[in-house]
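As provided, final34.csv (CSV, C-alpha atoms) reads as follows.
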chain,number,residue,atom,x,y,z
D,1,MET,CA,7.2,-59.4,89.9
D,2,THR,CA,3.5,-60.1,89.7
D,3,ASP,CA,2.0,-63.6,89.3
D,4,THR,CA,0.4,-62.6,85.9
D,5,PRO,CA,1.1,-65.4,83.3
D,6,THR,CA,3.6,-64.0,80.9
D,7,THR,CA,4.8,-65.3,77.5
D,8,LEU,CA,8.0,-64.1,75.9
D,9,VAL,CA,8.1,-64.6,72.2
D,10,THR,CA,11.7,-64.7,70.9
D,11,ALA,CA,13.5,-65.9,67.7
D,12,THR,CA,16.6,-67.6,66.5
D,13,GLY,CA,17.2,-64.6,64.1
D,14,ASP,CA,16.0,-61.3,62.8
D,15,SER,CA,12.9,-61.1,60.6
D,16,ALA,CA,11.6,-64.5,61.6
D,17,GLY,CA,8.0,-63.2,62.0
D,18,LYS,CA,8.2,-62.6,65.8
D,19,THR,CA,6.2,-59.4,65.8
D,20,ALA,CA,3.2,-60.8,63.9
D,21,ILE,CA,3.2,-64.0,65.9
D,22,THR,CA,3.4,-62.1,69.3
D,23,ILE,CA,0.6,-59.7,68.5
D,24,ALA,CA,-1.5,-62.4,66.8
D,25,LEU,CA,-1.2,-64.7,69.9
D,26,ALA,CA,-2.2,-61.8,72.1
D,27,ARG,CA,-5.2,-61.2,70.0
D,28,LEU,CA,-6.2,-64.8,70.0
D,29,ALA,CA,-6.0,-64.7,73.8
D,30,ALA,CA,-8.1,-61.6,73.8
D,31,ASP,CA,-10.7,-63.4,71.6
D,32,ARG,CA,-10.9,-65.9,74.4
D,33,ASP,CA,-12.1,-63.1,76.8
D,34,ARG,CA,-8.7,-62.5,78.4
D,35,SER,CA,-7.4,-59.1,79.1
D,36,VAL,CA,-4.0,-59.0,77.5
D,37,GLY,CA,-1.0,-56.6,77.8
D,38,TYR,CA,2.0,-56.2,75.6
D,39,MET,CA,5.5,-54.9,75.9
D,40,LYS,CA,8.7,-55.0,74.0
D,41,PRO,CA,11.4,-54.3,76.6
D,42,LYS,CA,14.1,-53.6,73.9
D,43,GLY,CA,12.9,-51.4,71.0
D,44,THR,CA,14.8,-52.5,68.0
D,45,ARG,CA,12.7,-51.6,65.0
D,46,LEU,CA,13.2,-47.9,65.0
D,47,GLN,CA,11.9,-44.8,63.2
D,48,SER,CA,11.7,-41.1,64.0
D,49,ASN,CA,8.4,-40.1,65.4
D,50,VAL,CA,7.7,-36.5,66.7
D,51,GLY,CA,11.4,-36.1,67.5
D,52,LYS,CA,11.7,-39.4,69.3
D,53,THR,CA,13.2,-42.7,68.3
D,54,LEU,CA,10.4,-45.3,68.7
D,55,ASP,CA,9.9,-48.9,67.7
D,56,GLN,CA,7.0,-49.5,65.3
D,57,ASP,CA,6.0,-52.8,66.8
D,58,PRO,CA,4.4,-51.5,70.0
D,59,MET,CA,2.5,-48.9,67.9
D,60,LEU,CA,1.0,-51.8,66.0
D,61,ALA,CA,0.2,-53.8,69.1
D,62,ARG,CA,-1.5,-50.8,70.7
D,63,GLU,CA,-3.7,-50.4,67.6
D,64,VAL,CA,-4.6,-54.1,67.2
D,65,LEU,CA,-5.1,-54.8,70.8
D,66,GLY,CA,-6.7,-51.5,71.8
D,67,LEU,CA,-4.2,-50.8,74.5
D,68,ASP,CA,-4.0,-47.7,76.6
D,69,ALA,CA,-0.3,-48.1,77.7
D,70,GLU,CA,2.1,-45.3,76.8
D,71,MET,CA,5.0,-46.0,74.5
D,72,HIS,CA,7.6,-45.6,77.3
D,73,GLN,CA,5.8,-48.4,79.2
D,74,MET,CA,5.6,-50.8,76.3
D,75,GLU,CA,9.2,-49.9,75.2
D,76,PRO,CA,11.3,-49.0,78.3
D,77,VAL,CA,14.6,-49.4,76.5
D,78,VAL,CA,15.3,-48.0,73.0
D,79,TYR,CA,18.0,-50.4,71.7
D,80,SER,CA,19.4,-48.0,69.1
D,81,PRO,CA,22.9,-47.9,67.7
D,82,THR,CA,23.6,-44.9,69.8
D,83,PHE,CA,22.4,-46.8,72.9
D,84,VAL,CA,24.7,-49.7,72.1
D,85,GLU,CA,27.7,-47.4,71.6
D,86,GLY,CA,27.0,-45.8,74.9
D,87,ALA,CA,26.7,-49.2,76.6
D,88,ILE,CA,30.0,-50.5,75.5
D,89,ARG,CA,31.6,-47.2,76.7
D,90,GLY,CA,30.1,-47.8,80.1
D,91,THR,CA,27.5,-45.0,80.1
D,92,GLU,CA,24.5,-47.4,80.6
D,93,ASP,CA,23.8,-49.0,84.0
D,94,ALA,CA,22.5,-52.5,83.5
D,95,GLY,CA,20.9,-52.6,86.9
D,96,ALA,CA,19.0,-49.4,86.3
D,97,LEU,CA,17.8,-50.8,82.9
D,98,ARG,CA,16.5,-53.9,84.6
D,99,ASP,CA,14.7,-51.9,87.2
D,100,ARG,CA,13.1,-49.8,84.5
D,101,ILE,CA,11.9,-52.8,82.6
D,102,SER,CA,10.6,-54.4,85.8
D,103,GLU,CA,8.7,-51.3,86.9
D,104,GLU,CA,7.0,-50.9,83.5
D,105,TYR,CA,6.2,-54.5,83.3
D,106,ASN,CA,4.6,-54.5,86.8
D,107,GLY,CA,2.4,-51.6,85.8
D,108,ILE,CA,1.2,-53.4,82.7
D,109,ALA,CA,0.8,-56.8,84.3
D,110,ALA,CA,-1.2,-55.4,87.2
D,111,ASP,CA,-4.0,-54.4,84.8
D,112,HIS,CA,-4.2,-57.6,82.7
D,113,ASP,CA,-4.9,-61.3,82.9
D,114,GLN,CA,-1.9,-62.2,80.7
D,115,VAL,CA,1.1,-60.3,79.2
D,116,PHE,CA,2.8,-61.0,75.9
D,117,VAL,CA,6.4,-59.8,75.7
D,118,GLU,CA,8.2,-59.5,72.4
D,119,GLY,CA,11.9,-60.1,72.2
D,120,GLY,CA,14.3,-57.8,70.4
D,121,GLY,CA,16.0,-58.9,67.2
D,122,SER,CA,17.3,-62.4,67.9
D,123,TRP,CA,17.3,-64.0,71.4
D,124,THR,CA,21.0,-62.9,71.9
D,125,THR,CA,20.2,-59.2,71.3
D,126,GLY,CA,20.9,-57.1,74.5
D,127,GLY,CA,24.0,-58.9,75.6
D,128,VAL,CA,26.0,-55.7,76.0
D,129,VAL,CA,23.8,-54.8,79.0
D,130,ASP,CA,23.1,-58.3,80.2
D,131,LEU,CA,19.6,-58.1,78.8
D,132,THR,CA,19.4,-60.9,76.3
D,133,ASP,CA,16.0,-62.5,76.0
D,134,VAL,CA,17.2,-65.2,78.3
D,135,ASP,CA,17.9,-62.5,80.9
D,136,VAL,CA,14.5,-60.8,80.2
D,137,ALA,CA,12.6,-64.1,80.6
D,138,GLU,CA,14.3,-64.6,84.0
D,139,LEU,CA,13.6,-61.1,85.0
D,140,LEU,CA,9.9,-61.2,84.2
D,141,ASP,CA,9.4,-64.9,85.2
D,142,ALA,CA,8.2,-65.6,81.6
D,143,ASN,CA,7.6,-68.8,79.7
D,144,VAL,CA,9.3,-68.7,76.3
D,145,VAL,CA,8.0,-69.4,72.8
D,146,LEU,CA,10.9,-69.6,70.3
D,147,VAL,CA,10.2,-68.7,66.6
D,148,ALA,CA,12.5,-70.3,64.1
D,149,GLU,CA,12.8,-70.7,60.4
D,150,TYR,CA,13.6,-74.0,58.7
D,151,GLY,CA,15.1,-74.6,55.4
D,152,SER,CA,17.3,-77.6,56.1
D,153,PRO,CA,18.4,-79.7,59.1
D,154,ASN,CA,21.4,-77.3,59.6
D,155,ASP,CA,18.9,-74.7,61.0
D,156,LEU,CA,18.3,-77.0,64.0
D,157,ASP,CA,21.8,-75.9,65.4
D,158,GLU,CA,20.4,-72.5,66.3
D,159,VAL,CA,17.2,-74.0,67.8
D,160,LEU,CA,19.2,-76.3,70.0
D,161,ALA,CA,21.6,-73.5,71.1
D,162,ALA,CA,18.6,-71.3,72.1
D,163,ALA,CA,16.8,-74.2,73.8
D,164,ASP,CA,19.9,-74.9,75.9
D,165,ALA,CA,20.1,-71.3,76.9
D,166,PHE,CA,16.5,-70.9,77.9
D,167,GLY,CA,16.4,-74.3,79.7
D,168,ASP,CA,13.2,-75.0,81.6
D,169,ARG,CA,11.7,-71.7,80.6
D,170,LEU,CA,11.3,-72.8,77.0
D,171,ALA,CA,7.7,-73.8,76.5
D,172,GLY,CA,8.3,-74.8,72.9
D,173,ILE,CA,9.0,-73.9,69.2
D,174,VAL,CA,7.0,-72.4,66.4
D,175,PHE,CA,8.5,-72.9,63.0
D,176,ASN,CA,7.6,-70.1,60.6
D,177,LYS,CA,8.1,-69.5,56.8
D,178,VAL,CA,8.5,-73.2,56.1
D,179,SER,CA,8.5,-73.8,52.3
D,180,ASP,CA,6.7,-76.8,50.7
D,181,ASP,CA,10.1,-78.2,49.8
D,182,ALA,CA,11.4,-78.1,53.4
D,183,PHE,CA,8.2,-79.2,55.2
D,184,GLU,CA,8.6,-82.9,54.6
D,185,SER,CA,12.1,-82.8,56.1
D,186,LEU,CA,10.9,-80.9,59.1
D,187,ASP,CA,7.8,-83.0,59.7
D,188,GLN,CA,9.5,-86.4,59.2
D,189,ASP,CA,13.0,-85.7,60.7
D,190,GLY,CA,13.3,-82.3,62.3
D,191,ILE,CA,10.3,-82.3,64.7
D,192,PRO,CA,10.8,-85.9,65.9
D,193,PHE,CA,14.5,-85.2,66.5
D,194,LEU,CA,13.7,-82.1,68.6
D,195,GLU,CA,11.0,-84.0,70.5
D,196,SER,CA,13.5,-86.8,71.2
D,197,LYS,CA,15.6,-84.1,72.9
D,198,GLY,CA,12.6,-83.1,75.1
D,199,ILE,CA,11.8,-80.0,73.1
D,200,THR,CA,8.1,-79.3,72.4
D,201,VAL,CA,7.2,-78.2,68.9
D,202,PHE,CA,3.8,-76.4,68.8
D,203,GLY,CA,3.6,-76.5,65.0
D,204,ALA,CA,4.9,-75.1,61.7
D,205,LEU,CA,3.6,-72.3,59.7
D,206,PRO,CA,3.9,-72.3,55.9
D,207,TYR,CA,5.8,-69.8,53.9
D,208,GLU,CA,3.4,-67.2,52.6
D,209,LYS,CA,4.4,-64.6,50.1
D,210,GLU,CA,1.9,-62.1,51.5
D,211,LEU,CA,3.7,-62.0,54.8
D,212,ALA,CA,7.3,-62.6,53.6
D,213,GLY,CA,7.6,-59.9,50.9
D,214,VAL,CA,6.9,-56.2,50.5
D,215,THR,CA,5.0,-54.7,47.6
D,216,VAL,CA,6.7,-52.4,45.2
D,217,GLY,CA,4.6,-49.6,46.6
D,218,GLU,CA,5.7,-50.3,50.1
D,219,LEU,CA,9.3,-50.5,49.1
D,220,ALA,CA,8.9,-47.1,47.4
D,221,ASP,CA,7.4,-45.6,50.5
D,222,GLU,CA,10.1,-47.0,52.8
D,223,LEU,CA,12.9,-45.8,50.4
D,224,GLY,CA,11.3,-42.4,49.9
D,225,ALA,CA,11.5,-43.1,46.1
D,226,GLU,CA,9.9,-41.3,43.2
D,227,LEU,CA,7.8,-43.4,40.9
D,228,LEU,CA,8.8,-42.7,37.3
D,229,THR,CA,6.1,-44.9,35.7
D,230,ASP,CA,2.4,-45.5,36.1
D,231,ALA,CA,2.8,-49.3,36.4
D,232,PRO,CA,1.0,-51.2,39.1
D,233,THR,CA,2.9,-51.2,42.4
D,234,ASP,CA,1.2,-54.2,44.0
D,235,PRO,CA,3.7,-57.0,42.9
D,236,PHE,CA,5.7,-58.5,45.7
D,237,VAL,CA,9.4,-58.1,46.1
D,238,GLU,CA,11.2,-60.7,48.2
D,239,ARG,CA,14.9,-60.0,47.3
D,240,PHE,CA,17.0,-57.4,45.6
D,241,LEU,CA,19.8,-57.8,43.0
D,242,VAL,CA,22.6,-55.3,42.3
D,243,GLY,CA,23.2,-54.4,38.7
D,244,ALA,CA,26.9,-53.7,38.5
D,245,MET,CA,28.0,-55.8,35.5
D,246,GLY,CA,27.7,-55.5,31.8
D,247,GLY,CA,24.4,-55.9,29.9
D,248,ASP,CA,24.8,-59.4,28.6
D,249,GLU,CA,26.1,-60.8,31.9
D,250,ALA,CA,23.4,-58.9,33.8
D,251,LEU,CA,20.6,-60.4,31.6
D,252,ARG,CA,21.9,-64.0,32.4
D,253,TYR,CA,22.0,-63.0,36.1
D,254,PHE,CA,18.6,-61.4,36.2
D,255,ARG,CA,16.9,-64.3,34.4
D,256,ARG,CA,17.6,-66.6,37.3
D,257,ALA,CA,15.7,-64.3,39.7
D,258,ARG,CA,12.1,-64.1,40.8
D,259,ASP,CA,10.2,-61.4,42.7
D,260,ALA,CA,13.3,-59.3,42.6
D,261,ALA,CA,14.0,-55.5,42.7
D,262,VAL,CA,17.1,-54.6,40.7
D,263,ILE,CA,19.2,-51.7,42.2
D,264,THR,CA,21.5,-50.0,39.8
D,265,GLY,CA,22.8,-46.5,38.9
D,266,GLY,CA,20.4,-44.3,37.1
D,267,ASP,CA,22.9,-43.9,34.3
D,268,ARG,CA,23.3,-47.6,33.5
D,269,ALA,CA,20.9,-48.0,30.6
D,270,ASP,CA,22.4,-51.4,29.6
D,271,VAL,CA,21.7,-52.9,33.0
D,272,GLN,CA,18.2,-51.3,33.2
D,273,THR,CA,17.3,-52.8,29.8
D,274,ALA,CA,18.5,-56.2,30.8
D,275,ALA,CA,16.5,-56.1,34.0
D,276,LEU,CA,13.3,-55.1,32.2
D,277,ASP,CA,13.8,-58.1,29.9
D,278,ALA,CA,13.9,-60.6,32.8
D,279,SER,CA,10.5,-61.9,33.8
D,280,GLY,CA,11.5,-62.4,37.5
D,281,VAL,CA,12.3,-58.7,38.0
D,282,ALA,CA,9.4,-56.8,39.6
D,283,CYS,CA,10.9,-53.3,39.5
D,284,LEU,CA,13.9,-51.1,39.0
D,285,VAL,CA,15.4,-48.9,41.8
D,286,LEU,CA,17.7,-46.3,40.2
D,287,THR,CA,20.2,-44.5,42.4
D,288,GLY,CA,22.2,-41.3,42.2
D,289,GLY,CA,19.4,-39.0,41.3
D,290,HIS,CA,19.9,-39.8,37.5
D,291,ARG,CA,16.8,-39.9,35.4
D,292,PRO,CA,16.8,-42.8,32.9
D,293,SER,CA,16.4,-42.3,29.2
D,294,GLY,CA,13.1,-42.1,27.5
D,295,ALA,CA,13.8,-45.4,25.8
D,296,VAL,CA,14.2,-47.1,29.1
D,297,LEU,CA,11.0,-45.5,30.5
D,298,GLY,CA,9.1,-46.5,27.4
D,299,LYS,CA,10.3,-50.1,27.7
D,300,ALA,CA,9.3,-50.2,31.4
D,301,ALA,CA,5.9,-48.8,30.5
D,302,ASP,CA,5.5,-51.5,27.8
D,303,ALA,CA,6.6,-54.2,30.3
D,304,GLY,CA,4.3,-52.8,33.0
D,305,LYS,CA,7.2,-52.6,35.5
D,306,PRO,CA,7.6,-49.8,38.0
D,307,VAL,CA,10.8,-47.7,38.0
D,308,LEU,CA,11.8,-46.1,41.3
D,309,ALA,CA,14.3,-43.3,41.6
D,310,VAL,CA,16.2,-42.4,44.8
D,311,ASN,CA,18.7,-39.6,45.3
D,312,THR,CA,21.1,-41.7,47.5
D,313,ASP,CA,24.1,-43.6,46.2
D,314,THR,CA,23.9,-47.3,45.4
D,315,VAL,CA,25.5,-48.5,48.6
D,316,THR,CA,23.0,-46.6,50.8
D,317,ALA,CA,20.1,-47.8,48.7
D,318,ILE,CA,21.2,-51.4,49.1
D,319,ASP,CA,21.5,-51.0,52.8
D,320,ARG,CA,18.0,-49.5,53.1
D,321,ALA,CA,16.4,-52.0,50.7
D,322,GLU,CA,17.9,-54.9,52.5
D,323,ALA,CA,16.5,-53.7,55.8
D,324,VAL,CA,13.0,-53.2,54.3
D,325,ILE,CA,12.9,-56.6,52.4
D,326,ARG,CA,14.4,-58.5,55.3
D,327,GLY,CA,11.8,-57.0,57.7
D,328,GLY,CA,9.1,-58.5,55.6
D,329,ARG,CA,5.9,-56.8,54.6
D,330,THR,CA,5.2,-53.5,56.4
D,331,ARG,CA,3.4,-54.6,59.5
D,332,ASP,CA,-0.2,-53.7,59.8
D,333,VAL,CA,-3.6,-55.0,61.0
D,334,ARG,CA,-3.9,-57.2,57.9
D,335,THR,CA,-0.6,-58.9,58.7
D,336,VAL,CA,-1.8,-59.8,62.2
D,337,ASP,CA,-5.1,-61.0,60.9
D,338,ARG,CA,-3.5,-63.4,58.5
D,339,MET,CA,-1.0,-64.6,61.1
D,340,ALA,CA,-3.8,-65.3,63.5
D,341,GLU,CA,-5.5,-67.5,60.8
D,342,LEU,CA,-2.2,-69.3,60.2
D,343,LEU,CA,-1.6,-70.0,63.9
D,344,ASP,CA,-5.2,-71.1,64.4
D,345,ALA,CA,-4.9,-73.6,61.5
D,346,ASN,CA,-1.4,-75.0,62.1
D,347,VAL,CA,-0.5,-74.6,65.8
D,348,ASP,CA,-1.8,-75.8,69.1
D,349,ILE,CA,-3.2,-72.5,70.2
D,350,GLU,CA,-4.5,-73.6,73.6
D,351,ALA,CA,-1.0,-74.9,74.6
D,352,LEU,CA,0.6,-71.7,73.4
D,353,ILE,CA,-1.6,-69.2,75.2
Show the structure stored in the file as structure tokens.
Amino acid sequence: MTDTPTTLVTATGDSAGKTAITIALARLAADRDRSVGYMKPKGTRLQSNVGKTLDQDPMLAREVLGLDAEMHQMEPVVYSPTFVEGAIRGTEDAGALRDRISEEYNGIAADHDQVFVEGGGSWTTGGVVDLTDVDVAELLDANVVLVAEYGSPNDLDEVLAAADAFGDRLAGIVFNKVSDDAFESLDQDGIPFLESKGITVFGALPYEKELAGVTVGELADELGAELLTDAPTDPFVERFLVGAMGGDEALRYFRRARDAAVITGGDRADVQTAALDASGVACLVLTGGHRPSGAVLGKAADAGKPVLAVNTDTVTAIDRAEAVIRGGRTRDVRTVDRMAELLDANVDIEALI
């Protein structure tokens, strides 16, 4: 290994904001005239690109940070479902994988003042090949920043488990997506409790809808959906609801929602009408390739709500929507810019980088 300072950003769970924080920290370091490198040893956010399975996060890092490294350098292991299946059958050599990560890391570190390494999924991802983020931190001699969400004191269990696993390599915690309701508990009880355990807390970032949700338009793009109305597609969607009950029951269910997409069969006019009557429903996602009635489309147009149609069945649409919404807003330069602002305002940046 080189002696280049290296920071591994990991998380207690998926979709905690790890990507935006990692790249934003690297950019803030670059703004301080440091030459920064980036890698994500285990590619977990996958898409097909020119016939190859690639993680979208290194692509964003390369764009934001102006990096020259090739994808295979920044993402030496593609941690796909196929890879995991092979690993548990014994077709992957853990030692060879470690060597590959070390080799690519050394190539990146040799050309930069500091390297920011993004963990994969949660900190436990990679266990089937002995490459959890604990193992990666040890392999790359990295200091660790743990990203965690906080809704109640129960969430500290995960933080303590991760802190114990990383030991002395843990530099500290960044809490992300903290709601106004939870902030007082975290500030008055959670942070002092962690500090009493010798765990550093760098700061807490507020929940921000712009970073946590996806727009209806982004959801449509990710689902490959057809837009059946001309309604604006910039409202945010933070959750999805499944319309599988009768109309009256559905209306009571939907009225409790906010910033929701309702997924239901294209032939369920009663559920579609109920969803359009609920103020907290941002859009409809209709499955099965069925086109809704003219009355439903007219009601949607009057309500100014987009209607999306997909050819897949409801179960498939639910799985895909869950992945999109859980992943947060499609990552782009604007996401990193906003995250850098939040970090600058709420976190001890100099201690972090």
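Residues lying within 10 Å of D:Ala137, counting all atoms listed in the file and ignoring same-chain neighbours fewer than 4 positions away, are Thr6, Thr7, Leu8, Val9, Thr10, Val117, Gly119, Leu131, Thr132, Asp133, Asp141, Ala142, Asn143, Val144, Phe166, Arg169 and Leu170 of chain D.
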Open item on the list: Which residues are near stretch 75-84 of chain D? Cut-off 6 Å, all atoms listed in the file, ignore same chain within fewer than 6 positions. Put them as a ChimeraX atom specification.
Closed with: /D:40-44,101
Just the selected residues (C-alpha atoms), exported as a compact mmCIF listing (two decimals), in the coordinates of the input, please.
# COMPACT_ATOMS: atom_id res chain seq x y z
CA LYS D 40 8.70 -55.00 74.00
CA PRO D 41 11.40 -54.30 76.60
CA LYS D 42 14.10 -53.60 73.90
CA GLY D 43 12.90 -51.40 71.00
CA THR D 44 14.80 -52.50 68.00
CA ILE D 101 11.90 -52.80 82.60
TODO: Write out as a VMD selection string the residues lying within 12 Å of stretch 316-325 of chain D, counting all atoms listed in the file and excluding same-chain residues fewer than 2 positions away.
DONE: chain D and resid 14 to 15 45 to 46 209 211 to 225 236 to 243 259 to 265 284 to 289 308 to 314 327 to 331
Serialized selection, C-alpha atoms, as a PDB file, in the frame of the given file:
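Output below, filename again-v8.pdb:
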ATOM      1  CA  ASP D  14      16.000 -61.300  62.800  1.00  0.00           C
ATOM      2  CA  SER D  15      12.900 -61.100  60.600  1.00  0.00           C
ATOM      3  CA  ARG D  45      12.700 -51.600  65.000  1.00  0.00           C
ATOM      4  CA  LEU D  46      13.200 -47.900  65.000  1.00  0.00           C
ATOM      5  CA  LYS D 209       4.400 -64.600  50.100  1.00  0.00           C
ATOM      6  CA  LEU D 211       3.700 -62.000  54.800  1.00  0.00           C
ATOM      7  CA  ALA D 212       7.300 -62.600  53.600  1.00  0.00           C
ATOM      8  CA  GLY D 213       7.600 -59.900  50.900  1.00  0.00           C
ATOM      9  CA  VAL D 214       6.900 -56.200  50.500  1.00  0.00           C
ATOM     10  CA  THR D 215       5.000 -54.700  47.600  1.00  0.00           C
ATOM     11  CA  VAL D 216       6.700 -52.400  45.200  1.00  0.00           C
ATOM     12  CA  GLY D 217       4.600 -49.600  46.600  1.00  0.00           C
ATOM     13  CA  GLU D 218       5.700 -50.300  50.100  1.00  0.00           C
ATOM     14  CA  LEU D 219       9.300 -50.500  49.100  1.00  0.00           C
ATOM     15  CA  ALA D 220       8.900 -47.100  47.400  1.00  0.00           C
ATOM     16  CA  ASP D 221       7.400 -45.600  50.500  1.00  0.00           C
ATOM     17  CA  GLU D 222      10.100 -47.000  52.800  1.00  0.00           C
ATOM     18  CA  LEU D 223      12.900 -45.800  50.400  1.00  0.00           C
ATOM     19  CA  GLY D 224      11.300 -42.400  49.900  1.00  0.00           C
ATOM     20  CA  ALA D 225      11.500 -43.100  46.100  1.00  0.00           C
ATOM     21  CA  PHE D 236       5.700 -58.500  45.700  1.00  0.00           C
ATOM     22  CA  VAL D 237       9.400 -58.100  46.100  1.00  0.00           C
ATOM     23  CA  GLU D 238      11.200 -60.700  48.200  1.00  0.00           C
ATOM     24  CA  ARG D 239      14.900 -60.000  47.300  1.00  0.00           C
ATOM     25  CA  PHE D 240      17.000 -57.400  45.600  1.00  0.00           C
ATOM     26  CA  LEU D 241      19.800 -57.800  43.000  1.00  0.00           C
ATOM     27  CA  VAL D 242      22.600 -55.300  42.300  1.00  0.00           C
ATOM     28  CA  GLY D 243      23.200 -54.400  38.700  1.00  0.00           C
ATOM     29  CA  ASP D 259      10.200 -61.400  42.700  1.00  0.00           C
ATOM     30  CA  ALA D 260      13.300 -59.300  42.600  1.00  0.00           C
ATOM     31  CA  ALA D 261      14.000 -55.500  42.700  1.00  0.00           C
ATOM     32  CA  VAL D 262      17.100 -54.600  40.700  1.00  0.00           C
ATOM     33  CA  ILE D 263      19.200 -51.700  42.200  1.00  0.00           C
ATOM     34  CA  THR D 264      21.500 -50.000  39.800  1.00  0.00           C
ATOM     35  CA  GLY D 265      22.800 -46.500  38.900  1.00  0.00           C
ATOM     36  CA  LEU D 284      13.900 -51.100  39.000  1.00  0.00           C
ATOM     37  CA  VAL D 285      15.400 -48.900  41.800  1.00  0.00           C
ATOM     38  CA  LEU D 286      17.700 -46.300  40.200  1.00  0.00           C
ATOM     39  CA  THR D 287      20.200 -44.500  42.400  1.00  0.00           C
ATOM     40  CA  GLY D 288      22.200 -41.300  42.200  1.00  0.00           C
ATOM     41  CA  GLY D 289      19.400 -39.000  41.300  1.00  0.00           C
ATOM     42  CA  LEU D 308      11.800 -46.100  41.300  1.00  0.00           C
ATOM     43  CA  ALA D 309      14.300 -43.300  41.600  1.00  0.00           C
ATOM     44  CA  VAL D 310      16.200 -42.400  44.800  1.00  0.00           C
ATOM     45  CA  ASN D 311      18.700 -39.600  45.300  1.00  0.00           C
ATOM     46  CA  THR D 312      21.100 -41.700  47.500  1.00  0.00           C
ATOM     47  CA  ASP D 313      24.100 -43.600  46.200  1.00  0.00           C
ATOM     48  CA  THR D 314      23.900 -47.300  45.400  1.00  0.00           C
ATOM     49  CA  GLY D 327      11.800 -57.000  57.700  1.00  0.00           C
ATOM     50  CA  GLY D 328       9.100 -58.500  55.600  1.00  0.00           C
ATOM     51  CA  ARG D 329       5.900 -56.800  54.600  1.00  0.00           C
ATOM     52  CA  THR D 330       5.200 -53.500  56.400  1.00  0.00           C
ATOM     53  CA  ARG D 331       3.400 -54.600  59.500  1.00  0.00           C
TER      54      ARG D 331
END
- [ ] Might you pull out every residue within 7 Å of stretch 20-30 of chain D, with all atoms listed in the file counted and same-chain residues fewer than 6 positions away left off, and present them as a ChimeraX atom specification?
- [x] /D:9,36,61,65,116,118,335-336,339-340,353
Task: Residue neighbourhood D:Ser122, 7 Å, only C-alpha atoms, exclusion window fewer than 2 positions, as a PyMOL selection string - done: chain D and resi 10-14+120+124-125
Fix up stretch 173-186 of chain D with N, CA and C atoms, then write it as a PDB file, in the coordinates of the input.
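So part.pdb came out as:
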ATOM      1  N   ILE D 173       8.587 -74.560  70.484  1.00  0.00           N
ATOM      2  CA  ILE D 173       9.000 -73.900  69.200  1.00  0.00           C
ATOM      3  C   ILE D 173       7.847 -73.750  68.303  1.00  0.00           C
ATOM      4  N   VAL D 174       7.829 -72.624  67.594  1.00  0.00           N
ATOM      5  CA  VAL D 174       7.000 -72.400  66.400  1.00  0.00           C
ATOM      6  C   VAL D 174       7.852 -72.206  65.239  1.00  0.00           C
ATOM      7  N   PHE D 175       7.757 -73.078  64.247  1.00  0.00           N
ATOM      8  CA  PHE D 175       8.500 -72.900  63.000  1.00  0.00           C
ATOM      9  C   PHE D 175       7.675 -71.971  62.083  1.00  0.00           C
ATOM     10  N   ASN D 176       8.340 -71.033  61.424  1.00  0.00           N
ATOM     11  CA  ASN D 176       7.600 -70.100  60.600  1.00  0.00           C
ATOM     12  C   ASN D 176       8.328 -70.042  59.192  1.00  0.00           C
ATOM     13  N   LYS D 177       7.549 -69.664  58.191  1.00  0.00           N
ATOM     14  CA  LYS D 177       8.100 -69.500  56.800  1.00  0.00           C
ATOM     15  C   LYS D 177       8.640 -70.800  56.261  1.00  0.00           C
ATOM     16  N   VAL D 178       7.988 -71.899  56.531  1.00  0.00           N
ATOM     17  CA  VAL D 178       8.500 -73.200  56.100  1.00  0.00           C
ATOM     18  C   VAL D 178       7.965 -73.444  54.643  1.00  0.00           C
ATOM     19  N   SER D 179       8.887 -73.598  53.693  1.00  0.00           N
ATOM     20  CA  SER D 179       8.500 -73.800  52.300  1.00  0.00           C
ATOM     21  C   SER D 179       7.957 -75.227  52.111  1.00  0.00           C
ATOM     22  N   ASP D 180       7.249 -75.428  51.005  1.00  0.00           N
ATOM     23  CA  ASP D 180       6.700 -76.800  50.700  1.00  0.00           C
ATOM     24  C   ASP D 180       7.876 -77.770  50.593  1.00  0.00           C
ATOM     25  N   ASP D 181       8.993 -77.340  50.017  1.00  0.00           N
ATOM     26  CA  ASP D 181      10.100 -78.200  49.800  1.00  0.00           C
ATOM     27  C   ASP D 181      10.728 -78.692  51.166  1.00  0.00           C
ATOM     28  N   ALA D 182      10.714 -77.798  52.158  1.00  0.00           N
ATOM     29  CA  ALA D 182      11.400 -78.100  53.400  1.00  0.00           C
ATOM     30  C   ALA D 182      10.406 -78.790  54.423  1.00  0.00           C
ATOM     31  N   PHE D 183       9.106 -78.714  54.154  1.00  0.00           N
ATOM     32  CA  PHE D 183       8.200 -79.200  55.200  1.00  0.00           C
ATOM     33  C   PHE D 183       8.302 -80.675  55.454  1.00  0.00           C
ATOM     34  N   GLU D 184       8.515 -81.465  54.407  1.00  0.00           N
ATOM     35  CA  GLU D 184       8.600 -82.900  54.600  1.00  0.00           C
ATOM     36  C   GLU D 184       9.789 -83.267  55.521  1.00  0.00           C
ATOM     37  N   SER D 185      10.930 -82.608  55.280  1.00  0.00           N
ATOM     38  CA  SER D 185      12.100 -82.800  56.100  1.00  0.00           C
ATOM     39  C   SER D 185      11.844 -82.459  57.560  1.00  0.00           C
ATOM     40  N   LEU D 186      11.192 -81.314  57.756  1.00  0.00           N
ATOM     41  CA  LEU D 186      10.900 -80.900  59.100  1.00  0.00           C
ATOM     42  C   LEU D 186       9.930 -81.810  59.802  1.00  0.00           C
TER      43      LEU D 186
END
